[in-house]
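Trainee: My structure is below; once you've seen it, I'll send some questions.
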Amino acid sequence: MEEREMMEEERESGLVRLCIEAASESKESIEIWRRQRRTLEKMPTPLAEALLRRLLRRRLLYPSLLEVFKHCIEEINLQRENFVDSEWMAYLGAFRNLRTLNIADCKGINNSALWAISGMDCLKDLDLSRCTKVTDAGTLHLISIPNLEKLSVSETSLTVEGVKQLSSLRKLSLLDLGGLPVNDRALRALQELKKLEYLDLWGSKISNNGAGLLKTFVKLRFLNLAWTEVTKVPYLPSLSCLNMSNCSIMSIFEEGYCGVKHPHLARLQLHGVSFTDVHKAFSFIDPSRLSFLDLSNSSLCNFQFLVNMTALEHLDISFSRMEDDSVDLIGRVGATLKFLNFSNTRLRSVGIESLAGFIPIIETLILSHTAVDDFALPYIGMMASLKVLDLSNTNVKGFCHMLGNDQEEILSLIALQNLTRLERLDLEETQVRDGALQPLSCLIHLKFLSLKSDFLTDISLLFLSSFPKLKYLGIRGAVLSSAGIQSFKPPPMLKILDLTDCWLLTEDALLSFRENHPQIEMRHELVHTGSTAQVASGNASPAHGTSRTVQLKPKWVKMSSCPSRFQIENFVDERRKYSREELLELRFSPLSRVSAP
């Protein structure tokens, strides 16, 4: 969510951003411009939607204020806003050009709230996912929306009878029924939806017989049958994306296959599946068309079926039984790979060596929770197109010994200096120490760096100031002192500093850093980041709260407003008397949990 908001702000021009900031500064500024109705009615849609998003984010949006946007808004996203109720929907029902409405996860939405949008002929896309108060009675309002093309009602309280009523929405191209008790009888009723291209039935109660009815949806491109009892998928020539995660698979596309042509299947998600015969299951799929394959959490140990998948761009085999001797099969089809996930497999550095030079355009490589160590880094350094590298929970130390000389250590992370496109690096839960971080300063395009280790101290902060584009920096669980964090000069573009589990830091040091760098969001147990959200309705106060603020958790229940009688400069930090090893021992000592008298 935060990344999406940052991208939206970056797309806005400087002048537009200034205008939006001024318009959403406070409830007083809102009252000034809301009276200019003619101007607002002619506001360009992109500008109006940007202003609406900003007001919503700052908790300055309330139901009656929606009225000024009713002529210029085409899309509105209110997902997870639990204050949205029948009153909000009454104003939204008057929007003349609203095409897309997302009210997923809004706990205040019920059947009566949907009455306001019944018959709304401009509405084409409606998301009611996880609105648990919507029942079969609410479908009467939904089927009155004549031009609805996309409808999501997953995890609502609809029953089979409610689902059957949706068959009158003949213009539907997308229907999400995930988590609903859809059975063969309900699916038979939906055969009237001849334009359906996207059908989500995860967790439904359809059988293999019901799956045979899917052949009547001749335009179907996306099908989700995850968590169902379906074991055989019929021949669906138009299908391009299939999800059968957590199913027991006997065959895919075998039933009804006439040998004329293979389906145009490009994406196949098989997380947690079990196969009766994996080679038979894949024998009716054209391997040369498949670009996305998820085999995570499967019990597969034979990956020979990968050999002819020459168009693969995304391959996830995490939590599988992949070992070093099977990695060369991936190398044979690696020319097009951009995403590769080996997390929680039996892979070692030897396996990475066999990949070197065979995945030339790889952009994301995930090796977390594997036995990979520093000897794999030179081979990773040859993957020049890498943008995301996850080495968390591996055996990487940042140092390695010269062959034949166990006494001389060399910096192993220097092998990553050729990764000039790298934007994200995760080294959490490794044994990397302070001095090993120095070579990373050459990664000038790095935007996200995550570290978590009690081997890191204040010295590491010296190497972490030089990244010109770094936006997120995590140094969790490090032995950082208050003096170290106060002297730290953060990178110029840093927006988030995560110091979680840095237990030596004091509240005063965190507050001082926050005052010196107010543009940086700090994360720590002693710092509370949140927003107050007083929800107003009707003509009540328009302010729903304030923008995100950083507050320190109070140490006492009540604090005096008078100046403290104690001077900070007279405070002596007794922890300085101990060595780093003694501090770590004291951290887990029973004495550390004794409360002060």
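Residue numbering restarts at 1 for every chain of the structure tokens, chains are lettered A, B, ... in their displayed order, and ligands are numbered from 1 as they appear.
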Name the residues in contact with Asn77 of chain A at a cut-off of 7 Å, using only C-alpha atoms, excluding same-chain residues fewer than 3 positions from it; report them as a list of chain:residue names.
Mentor: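 After dropping sequence-adjacent residues, the list is A:Leu101, A:Asn102, A:Ile103.
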Trainee: Could those residues be written to a file, using N, CA and C atoms, as a compact mmCIF listing (two decimals), in the first residue's frame?
Mentor:
```txt
# COMPACT_ATOMS: atom_id res chain seq x y z
N LEU A 101 -15.75 0.79 -8.35
CA LEU A 101 -15.95 1.01 -6.91
C LEU A 101 -15.40 -0.19 -6.15
N ASN A 102 -14.40 0.07 -5.31
CA ASN A 102 -13.80 -0.99 -4.49
C ASN A 102 -14.13 -0.73 -3.03
N ILE A 103 -15.02 -1.54 -2.47
CA ILE A 103 -15.36 -1.44 -1.05
C ILE A 103 -15.08 -2.77 -0.35
```
Trainee: Within 7 Å of segment 174-182 of chain A, counting only C-alpha atoms, which residues show up once you throw out same-chain ones fewer than 5 positions away? Write them as a short mmCIF file (atom, residue, chain, number, x, y, z; two decimals) with C-alpha atoms, in the first residue's frame, please.
Mentor:
```
data_model
loop_
_atom_site.label_atom_id
_atom_site.label_comp_id
_atom_site.auth_asym_id
_atom_site.auth_seq_id
_atom_site.Cartn_x
_atom_site.Cartn_y
_atom_site.Cartn_z
CA GLU A 149 -18.75 -6.31 -16.18
CA LYS A 150 -16.61 -7.21 -13.15
CA LEU A 151 -17.95 -8.45 -9.81
CA SER A 152 -16.02 -9.76 -6.80
CA VAL A 153 -18.06 -11.28 -3.95
CA SER A 154 -15.44 -13.63 -2.51
CA GLU A 155 -15.74 -14.51 1.19
CA LEU A 158 -23.71 -15.60 -0.28
CA THR A 159 -25.07 -19.14 -0.54
CA VAL A 160 -25.71 -21.31 -3.58
CA LEU A 187 -22.03 -23.61 -11.72
CA LEU A 196 -16.98 -14.76 -18.84
CA GLU A 197 -13.18 -14.54 -19.14
CA TYR A 198 -12.15 -14.66 -15.46
CA LEU A 199 -13.65 -17.14 -12.97
CA ASP A 200 -12.39 -17.58 -9.41
CA LEU A 201 -13.75 -20.66 -7.60
CA TRP A 202 -11.09 -21.28 -4.93
CA GLY A 203 -12.40 -23.18 -1.92
CA SER A 204 -15.64 -24.10 -3.69
CA LYS A 205 -17.46 -27.44 -3.55
CA ILE A 206 -17.43 -28.33 -7.24
#
```
Trainee: Find the residues near Lys387 of chain A: any atom within 9 Å, counting only C-alpha atoms, skip ones fewer than 5 places away on the same chain, and give them as a list in words.
Mentor: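 In the requested format, the answer is Ile362, Glu363, Thr364, Leu365, Leu419, Thr420, Arg421, Leu422, Glu423, Arg424, Leu425 and Leu446 of chain A.
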Trainee: Go ahead and write the residues just picked, C-alpha atoms, as an mmCIF file, in the first residue's frame.
Mentor:
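After the write, out.cif holds the following:
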```
data_model
loop_
_atom_site.group_PDB
_atom_site.id
_atom_site.type_symbol
_atom_site.label_atom_id
_atom_site.label_comp_id
_atom_site.auth_asym_id
_atom_site.auth_seq_id
_atom_site.Cartn_x
_atom_site.Cartn_y
_atom_site.Cartn_z
ATOM 1 C CA ILE A 362 17.638 -12.738 -14.207
ATOM 2 C CA GLU A 363 16.228 -9.817 -12.176
ATOM 3 C CA THR A 364 15.071 -11.449 -8.917
ATOM 4 C CA LEU A 365 16.970 -14.225 -7.130
ATOM 5 C CA LEU A 419 25.537 -5.648 -9.784
ATOM 6 C CA THR A 420 25.064 -2.043 -10.835
ATOM 7 C CA ARG A 421 21.288 -2.466 -11.280
ATOM 8 C CA LEU A 422 20.662 -3.939 -7.832
ATOM 9 C CA GLU A 423 17.815 -2.132 -6.039
ATOM 10 C CA ARG A 424 16.986 -4.491 -3.169
ATOM 11 C CA LEU A 425 19.340 -6.530 -0.977
ATOM 12 C CA LEU A 446 20.217 0.363 -4.052
#
```
Trainee: Determine which residues of segment 12-196 of chain A DSSP labels as alpha helix (DSSP H) from the backbone of this structure, then write them out as a count of residues only.
Mentor: 62
Trainee: Please determine, counting only C-alpha atoms, which residue among A:Leu52, A:Ala189, A:Tyr379, A:Thr345 has the shortest atom-to-atom distance to Glu67 of chain A.
Mentor: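 Selected residue with least distance to Glu67 of chain A: A:Leu52.
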Trainee: Could you name the residues that touch segment 477-480 of chain A at 9 Å or less, counting only C-alpha atoms, but leaving out those on the same chain fewer than 2 positions away, as a ChimeraX atom specification?
Mentor: /A:451-459,461,475,482-485,499-505,580,584
Trainee: Given the selection you just returned, output its residues as a file containing N, CA and C atoms, formatted as a PDB file, in the first residue's frame.
Mentor:
```pdb
ATOM      1  N   LEU A 451      19.141  -5.530   7.028  1.00  0.00           N
ATOM      2  CA  LEU A 451      20.141  -6.233   7.822  1.00  0.00           C
ATOM      3  C   LEU A 451      19.527  -6.591   9.171  1.00  0.00           C
ATOM      4  N   LYS A 452      19.888  -7.748   9.686  1.00  0.00           N
ATOM      5  CA  LYS A 452      19.448  -8.142  11.023  1.00  0.00           C
ATOM      6  C   LYS A 452      20.494  -9.072  11.604  1.00  0.00           C
ATOM      7  N   SER A 453      21.250  -8.557  12.580  1.00  0.00           N
ATOM      8  CA  SER A 453      22.328  -9.352  13.146  1.00  0.00           C
ATOM      9  C   SER A 453      22.847  -8.673  14.404  1.00  0.00           C
ATOM     10  N   ASP A 454      23.187  -9.471  15.421  1.00  0.00           N
ATOM     11  CA  ASP A 454      23.804  -8.888  16.611  1.00  0.00           C
ATOM     12  C   ASP A 454      25.320  -8.803  16.456  1.00  0.00           C
ATOM     13  N   PHE A 455      25.811  -9.060  15.222  1.00  0.00           N
ATOM     14  CA  PHE A 455      27.223  -8.844  14.925  1.00  0.00           C
ATOM     15  C   PHE A 455      27.485  -7.405  14.470  1.00  0.00           C
ATOM     16  N   LEU A 456      26.427  -6.639  14.207  1.00  0.00           N
ATOM     17  CA  LEU A 456      26.573  -5.279  13.694  1.00  0.00           C
ATOM     18  C   LEU A 456      26.560  -4.273  14.838  1.00  0.00           C
ATOM     19  N   THR A 457      27.439  -3.269  14.750  1.00  0.00           N
ATOM     20  CA  THR A 457      27.548  -2.238  15.783  1.00  0.00           C
ATOM     21  C   THR A 457      27.518  -0.859  15.128  1.00  0.00           C
ATOM     22  N   ASP A 458      27.872   0.159  15.897  1.00  0.00           N
ATOM     23  CA  ASP A 458      27.885   1.530  15.382  1.00  0.00           C
ATOM     24  C   ASP A 458      28.789   1.691  14.163  1.00  0.00           C
ATOM     25  N   ILE A 459      29.811   0.861  14.075  1.00  0.00           N
ATOM     26  CA  ILE A 459      30.756   0.982  12.962  1.00  0.00           C
ATOM     27  C   ILE A 459      30.046   0.802  11.622  1.00  0.00           C
ATOM     28  N   LEU A 461      27.239   1.830  10.732  1.00  0.00           N
ATOM     29  CA  LEU A 461      26.541   3.051  10.324  1.00  0.00           C
ATOM     30  C   LEU A 461      27.412   3.930   9.433  1.00  0.00           C
ATOM     31  N   ILE A 475      18.213  -2.124  10.140  1.00  0.00           N
ATOM     32  CA  ILE A 475      19.376  -2.626  10.891  1.00  0.00           C
ATOM     33  C   ILE A 475      18.824  -3.248  12.163  1.00  0.00           C
ATOM     34  N   SER A 482      23.204   4.695  21.635  1.00  0.00           N
ATOM     35  CA  SER A 482      22.524   5.976  21.462  1.00  0.00           C
ATOM     36  C   SER A 482      23.444   6.997  20.812  1.00  0.00           C
ATOM     37  N   ALA A 483      24.715   6.986  21.210  1.00  0.00           N
ATOM     38  CA  ALA A 483      25.668   7.921  20.606  1.00  0.00           C
ATOM     39  C   ALA A 483      25.840   7.635  19.122  1.00  0.00           C
ATOM     40  N   GLY A 484      25.844   6.358  18.762  1.00  0.00           N
ATOM     41  CA  GLY A 484      26.012   5.998  17.365  1.00  0.00           C
ATOM     42  C   GLY A 484      24.864   6.454  16.496  1.00  0.00           C
ATOM     43  N   ILE A 485      23.636   6.292  16.967  1.00  0.00           N
ATOM     44  CA  ILE A 485      22.483   6.679  16.153  1.00  0.00           C
ATOM     45  C   ILE A 485      22.346   8.190  16.078  1.00  0.00           C
ATOM     46  N   LEU A 499      14.784   0.112  13.159  1.00  0.00           N
ATOM     47  CA  LEU A 499      15.741  -0.224  14.211  1.00  0.00           C
ATOM     48  C   LEU A 499      15.136  -1.199  15.215  1.00  0.00           C
ATOM     49  N   THR A 500      14.184  -2.000  14.765  1.00  0.00           N
ATOM     50  CA  THR A 500      13.519  -2.962  15.637  1.00  0.00           C
ATOM     51  C   THR A 500      14.541  -3.893  16.294  1.00  0.00           C
ATOM     52  N   ASP A 501      14.350  -4.153  17.595  1.00  0.00           N
ATOM     53  CA  ASP A 501      15.203  -5.051  18.385  1.00  0.00           C
ATOM     54  C   ASP A 501      16.602  -4.506  18.626  1.00  0.00           C
ATOM     55  N   CYS A 502      16.837  -3.237  18.319  1.00  0.00           N
ATOM     56  CA  CYS A 502      18.104  -2.605  18.721  1.00  0.00           C
ATOM     57  C   CYS A 502      17.915  -2.143  20.167  1.00  0.00           C
ATOM     58  N   TRP A 503      18.134  -3.046  21.088  1.00  0.00           N
ATOM     59  CA  TRP A 503      17.678  -2.883  22.467  1.00  0.00           C
ATOM     60  C   TRP A 503      18.530  -1.938  23.304  1.00  0.00           C
ATOM     61  N   LEU A 504      19.704  -1.554  22.808  1.00  0.00           N
ATOM     62  CA  LEU A 504      20.538  -0.620  23.570  1.00  0.00           C
ATOM     63  C   LEU A 504      20.093   0.832  23.408  1.00  0.00           C
ATOM     64  N   LEU A 505      19.307   1.123  22.400  1.00  0.00           N
ATOM     65  CA  LEU A 505      18.910   2.501  22.123  1.00  0.00           C
ATOM     66  C   LEU A 505      17.934   3.007  23.180  1.00  0.00           C
ATOM     67  N   ARG A 580      30.861  -5.776  24.586  1.00  0.00           N
ATOM     68  CA  ARG A 580      29.735  -6.200  23.753  1.00  0.00           C
ATOM     69  C   ARG A 580      29.264  -7.605  24.143  1.00  0.00           C
ATOM     70  N   LEU A 584      25.506  -8.770  25.627  1.00  0.00           N
ATOM     71  CA  LEU A 584      24.662  -9.801  25.030  1.00  0.00           C
ATOM     72  C   LEU A 584      24.275 -10.861  26.052  1.00  0.00           C
TER      73      LEU A 584
END
```
Trainee: Near segment 263-277 of chain A, within 10 Å and counting only C-alpha atoms, which residues show up once chain neighbours fewer than 6 positions away are dropped, as a VMD selection string?
Mentor: chain A and resid 221 to 222 224 226 to 227 231 235 to 251 253 257 284 to 300 311 to 312 314 316 to 320
Trainee: Take the residues that were just selected and, keeping C-alpha atoms, output them as a PDB file, in the first residue's frame.
Mentor:
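As written to disk, out_16.pdb reads:
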```pdb
ATOM      1  CA  ARG A 221      -8.792 -17.072 -19.864  1.00  0.00           C
ATOM      2  CA  PHE A 222      -8.325 -17.223 -16.061  1.00  0.00           C
ATOM      3  CA  ASN A 224      -8.805 -20.557 -10.076  1.00  0.00           C
ATOM      4  CA  ALA A 226      -7.301 -23.860  -5.636  1.00  0.00           C
ATOM      5  CA  TRP A 227      -8.399 -25.687  -2.471  1.00  0.00           C
ATOM      6  CA  THR A 231      -8.414 -33.561  -9.775  1.00  0.00           C
ATOM      7  CA  TYR A 235      -9.551 -29.250 -22.226  1.00  0.00           C
ATOM      8  CA  LEU A 236     -10.002 -25.454 -22.207  1.00  0.00           C
ATOM      9  CA  PRO A 237      -8.338 -24.100 -25.375  1.00  0.00           C
ATOM     10  CA  SER A 238      -8.748 -20.406 -24.503  1.00  0.00           C
ATOM     11  CA  LEU A 239      -7.249 -20.674 -20.994  1.00  0.00           C
ATOM     12  CA  SER A 240      -4.045 -18.705 -20.342  1.00  0.00           C
ATOM     13  CA  CYS A 241      -3.882 -18.830 -16.518  1.00  0.00           C
ATOM     14  CA  LEU A 242      -4.720 -21.781 -14.239  1.00  0.00           C
ATOM     15  CA  ASN A 243      -4.426 -21.987 -10.442  1.00  0.00           C
ATOM     16  CA  MET A 244      -4.759 -25.444  -8.859  1.00  0.00           C
ATOM     17  CA  SER A 245      -2.814 -24.794  -5.664  1.00  0.00           C
ATOM     18  CA  ASN A 246      -3.361 -27.282  -2.822  1.00  0.00           C
ATOM     19  CA  CYS A 247      -5.124 -29.788  -5.081  1.00  0.00           C
ATOM     20  CA  SER A 248      -4.407 -33.433  -5.876  1.00  0.00           C
ATOM     21  CA  ILE A 249      -3.818 -33.477  -9.630  1.00  0.00           C
ATOM     22  CA  MET A 250      -4.381 -36.442 -11.904  1.00  0.00           C
ATOM     23  CA  SER A 251      -4.547 -34.691 -15.283  1.00  0.00           C
ATOM     24  CA  PHE A 253      -6.425 -30.792 -20.237  1.00  0.00           C
ATOM     25  CA  TYR A 257      -8.269 -33.066 -25.888  1.00  0.00           C
ATOM     26  CA  PHE A 284      -1.038 -32.095 -22.413  1.00  0.00           C
ATOM     27  CA  ILE A 285       0.459 -28.653 -21.713  1.00  0.00           C
ATOM     28  CA  ASP A 286       2.534 -26.918 -24.370  1.00  0.00           C
ATOM     29  CA  PRO A 287       5.792 -26.289 -22.426  1.00  0.00           C
ATOM     30  CA  SER A 288       7.057 -23.739 -24.947  1.00  0.00           C
ATOM     31  CA  ARG A 289       4.211 -21.327 -24.067  1.00  0.00           C
ATOM     32  CA  LEU A 290       4.529 -21.444 -20.268  1.00  0.00           C
ATOM     33  CA  SER A 291       6.095 -18.265 -18.840  1.00  0.00           C
ATOM     34  CA  PHE A 292       5.001 -18.465 -15.154  1.00  0.00           C
ATOM     35  CA  LEU A 293       5.292 -21.624 -13.035  1.00  0.00           C
ATOM     36  CA  ASP A 294       4.789 -21.874  -9.264  1.00  0.00           C
ATOM     37  CA  LEU A 295       5.739 -25.253  -7.769  1.00  0.00           C
ATOM     38  CA  SER A 296       6.392 -23.990  -4.246  1.00  0.00           C
ATOM     39  CA  ASN A 297       5.721 -26.248  -1.260  1.00  0.00           C
ATOM     40  CA  SER A 298       5.388 -29.324  -3.469  1.00  0.00           C
ATOM     41  CA  SER A 299       6.882 -32.747  -2.743  1.00  0.00           C
ATOM     42  CA  LEU A 300       8.492 -33.034  -6.186  1.00  0.00           C
ATOM     43  CA  ALA A 311       9.783 -19.457 -22.389  1.00  0.00           C
ATOM     44  CA  LEU A 312       9.872 -19.470 -18.565  1.00  0.00           C
ATOM     45  CA  HIS A 314       9.032 -16.783 -13.451  1.00  0.00           C
ATOM     46  CA  ASP A 316       9.128 -20.595  -7.909  1.00  0.00           C
ATOM     47  CA  ILE A 317      10.367 -23.871  -6.439  1.00  0.00           C
ATOM     48  CA  SER A 318      10.648 -22.709  -2.824  1.00  0.00           C
ATOM     49  CA  PHE A 319       9.970 -25.247  -0.058  1.00  0.00           C
ATOM     50  CA  SER A 320      10.517 -28.081  -2.549  1.00  0.00           C
TER      51      SER A 320
END
```
Trainee: Using only C-alpha atoms, can you tell me which of A:Phe448, A:Phe342, A:Phe305, A:Phe513 comes closest to Leu329 of chain A?
Mentor: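 Smallest separation from Leu329 of chain A among the options: A:Phe305.
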Trainee: I'd like the interatomic distance between atom CA of Leu148 of chain A and atom CA of Ala211 of chain A, to a tenth of an Å.
Mentor: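 Answer for the atom CA of Leu148 of chain A to atom CA of Ala211 of chain A separation: 25.2 Å.
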Trainee: Quote the spacing between atom CA of Leu355 of chain A and atom CA of Asp328 of chain A in Å to one decimal place.
Mentor: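 So the answer is 6.8 Å.
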Trainee: Quick one: residues within 8 Å of Asp498 of chain A, only C-alpha atoms counted, chain neighbours fewer than 4 positions away excluded, as an MDAnalysis selection string?
Mentor: chainID A and resid 472:476 522:524
Trainee: Using C-alpha atoms, can you write the selected residues to a file as a JSON list (two decimals), in the first residue's frame?
Mentor:
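Below is the file that was written, out09.json:
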```json
[["chain", "number", "residue", "atom", "x", "y", "z"],
["A", 472, "TYR", "CA", 14.50, 1.82, 3.25],
["A", 473, "LEU", "CA", 17.21, 0.81, 5.69],
["A", 474, "GLY", "CA", 16.71, -1.95, 8.24],
["A", 475, "ILE", "CA", 19.38, -2.63, 10.89],
["A", 476, "ARG", "CA", 17.33, -4.84, 13.15],
["A", 522, "MET", "CA", 11.45, 5.44, 12.41],
["A", 523, "ARG", "CA", 10.49, 1.94, 13.54],
["A", 524, "HIS", "CA", 11.42, 0.75, 17.02]]
```
Trainee: Have a look at A:Val278, A:Leu347, A:Leu411, A:Ala509 and name the one nearest to Asp374 of chain A; count only C-alpha atoms.
Mentor: A:Leu411
Trainee: Determine which residues of segment 96-332 of chain A receive a DSSP assignment of strand (DSSP E or B), computed from the backbone, and state them as a ChimeraX atom specification.
Mentor: /A:100-102,110,125-127,133,150-152,174-176,198-200,222-224,232-233,241-243,248-249,251-252,267-269,274-275,292-294,314-316
Trainee: Limited to C-alpha atoms, could you put the picked residues into a file as a PDB file, in the first residue's frame?
Mentor:
```
ATOM      1  CA  THR A 100     -15.055   1.359 -10.604  1.00  0.00           C
ATOM      2  CA  LEU A 101     -15.946   1.014  -6.913  1.00  0.00           C
ATOM      3  CA  ASN A 102     -13.798  -0.986  -4.489  1.00  0.00           C
ATOM      4  CA  ASN A 110     -24.541  -4.683   4.360  1.00  0.00           C
ATOM      5  CA  ASP A 125     -16.545  -2.832 -11.785  1.00  0.00           C
ATOM      6  CA  LEU A 126     -17.618  -3.617  -8.190  1.00  0.00           C
ATOM      7  CA  ASP A 127     -15.507  -5.306  -5.492  1.00  0.00           C
ATOM      8  CA  LYS A 133     -22.702  -8.772   5.997  1.00  0.00           C
ATOM      9  CA  LYS A 150     -16.612  -7.206 -13.154  1.00  0.00           C
ATOM     10  CA  LEU A 151     -17.954  -8.448  -9.807  1.00  0.00           C
ATOM     11  CA  SER A 152     -16.023  -9.759  -6.796  1.00  0.00           C
ATOM     12  CA  LEU A 174     -15.002 -11.289 -14.430  1.00  0.00           C
ATOM     13  CA  LEU A 175     -16.629 -13.132 -11.526  1.00  0.00           C
ATOM     14  CA  ASP A 176     -14.825 -13.806  -8.245  1.00  0.00           C
ATOM     15  CA  TYR A 198     -12.150 -14.656 -15.460  1.00  0.00           C
ATOM     16  CA  LEU A 199     -13.653 -17.138 -12.973  1.00  0.00           C
ATOM     17  CA  ASP A 200     -12.391 -17.583  -9.412  1.00  0.00           C
ATOM     18  CA  PHE A 222      -8.325 -17.223 -16.061  1.00  0.00           C
ATOM     19  CA  LEU A 223      -9.490 -20.067 -13.793  1.00  0.00           C
ATOM     20  CA  ASN A 224      -8.805 -20.557 -10.076  1.00  0.00           C
ATOM     21  CA  LYS A 232      -9.034 -33.393 -13.543  1.00  0.00           C
ATOM     22  CA  VAL A 233      -9.247 -30.177 -15.563  1.00  0.00           C
ATOM     23  CA  CYS A 241      -3.882 -18.830 -16.518  1.00  0.00           C
ATOM     24  CA  LEU A 242      -4.720 -21.781 -14.239  1.00  0.00           C
ATOM     25  CA  ASN A 243      -4.426 -21.987 -10.442  1.00  0.00           C
ATOM     26  CA  SER A 248      -4.407 -33.433  -5.876  1.00  0.00           C
ATOM     27  CA  ILE A 249      -3.818 -33.477  -9.630  1.00  0.00           C
ATOM     28  CA  SER A 251      -4.547 -34.691 -15.283  1.00  0.00           C
ATOM     29  CA  ILE A 252      -4.670 -31.235 -16.860  1.00  0.00           C
ATOM     30  CA  ARG A 267       0.653 -19.080 -16.152  1.00  0.00           C
ATOM     31  CA  LEU A 268       0.366 -22.180 -13.973  1.00  0.00           C
ATOM     32  CA  GLN A 269       0.173 -21.963 -10.178  1.00  0.00           C
ATOM     33  CA  SER A 274       0.425 -33.481  -5.087  1.00  0.00           C
ATOM     34  CA  PHE A 275       0.651 -35.389  -8.378  1.00  0.00           C
ATOM     35  CA  PHE A 292       5.001 -18.465 -15.154  1.00  0.00           C
ATOM     36  CA  LEU A 293       5.292 -21.624 -13.035  1.00  0.00           C
ATOM     37  CA  ASP A 294       4.789 -21.874  -9.264  1.00  0.00           C
ATOM     38  CA  HIS A 314       9.032 -16.783 -13.451  1.00  0.00           C
ATOM     39  CA  LEU A 315       9.908 -20.005 -11.594  1.00  0.00           C
ATOM     40  CA  ASP A 316       9.128 -20.595  -7.909  1.00  0.00           C
TER      41      ASP A 316
END
```
Trainee: Can you tell me which residues surround Glu323 of chain A at a distance of at most 8 Å, considering only C-alpha atoms, apart from same-chain residues fewer than 3 positions away, and format the answer as a list in words?
Mentor: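 Returned residues: Ser326, Val327, Thr345, Arg346, Leu347, Arg348 and Gly351 of chain A.
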Trainee: Store the residues picked out above, limited to N, CA and C atoms, as a PDB file, in the first residue's frame.
Mentor:
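Wrote it out as result-v4.pdb, contents follow:
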```
ATOM      1  N   SER A 326      19.868 -31.091  -9.572  1.00  0.00           N
ATOM      2  CA  SER A 326      18.743 -30.789 -10.468  1.00  0.00           C
ATOM      3  C   SER A 326      18.799 -29.372 -11.020  1.00  0.00           C
ATOM      4  N   VAL A 327      19.727 -28.569 -10.516  1.00  0.00           N
ATOM      5  CA  VAL A 327      19.787 -27.162 -10.913  1.00  0.00           C
ATOM      6  C   VAL A 327      20.153 -27.005 -12.383  1.00  0.00           C
ATOM      7  N   THR A 345      15.051 -24.552   0.068  1.00  0.00           N
ATOM      8  CA  THR A 345      15.379 -25.785  -0.650  1.00  0.00           C
ATOM      9  C   THR A 345      16.720 -26.303  -0.128  1.00  0.00           C
ATOM     10  N   ARG A 346      17.213 -27.378  -0.727  1.00  0.00           N
ATOM     11  CA  ARG A 346      18.479 -27.975  -0.299  1.00  0.00           C
ATOM     12  C   ARG A 346      19.658 -27.446  -1.110  1.00  0.00           C
ATOM     13  N   LEU A 347      19.477 -26.306  -1.712  1.00  0.00           N
ATOM     14  CA  LEU A 347      20.501 -25.725  -2.579  1.00  0.00           C
ATOM     15  C   LEU A 347      21.731 -25.307  -1.778  1.00  0.00           C
ATOM     16  N   ARG A 348      22.908 -25.532  -2.385  1.00  0.00           N
ATOM     17  CA  ARG A 348      24.174 -25.071  -1.825  1.00  0.00           C
ATOM     18  C   ARG A 348      24.896 -24.223  -2.870  1.00  0.00           C
ATOM     19  N   GLY A 351      25.298 -25.515  -6.448  1.00  0.00           N
ATOM     20  CA  GLY A 351      24.182 -25.348  -7.368  1.00  0.00           C
ATOM     21  C   GLY A 351      24.197 -23.997  -8.050  1.00  0.00           C
TER      22      GLY A 351
END
```
Trainee: Please, what distance in Å, to one decimal, runs between atom CA of Asp426 of chain A and atom CA of Ser368 of chain A?
Mentor: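 We find that atom CA of Asp426 of chain A and atom CA of Ser368 of chain A lie 8.8 Å from each other.
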Trainee: Which is closer to Lys447 of chain A than all the others in A:Leu47, A:Pro491, A:Ser460, A:Thr216, using only C-alpha atoms?
Mentor: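 Of all the options, A:Pro491 lies closest to Lys447 of chain A.
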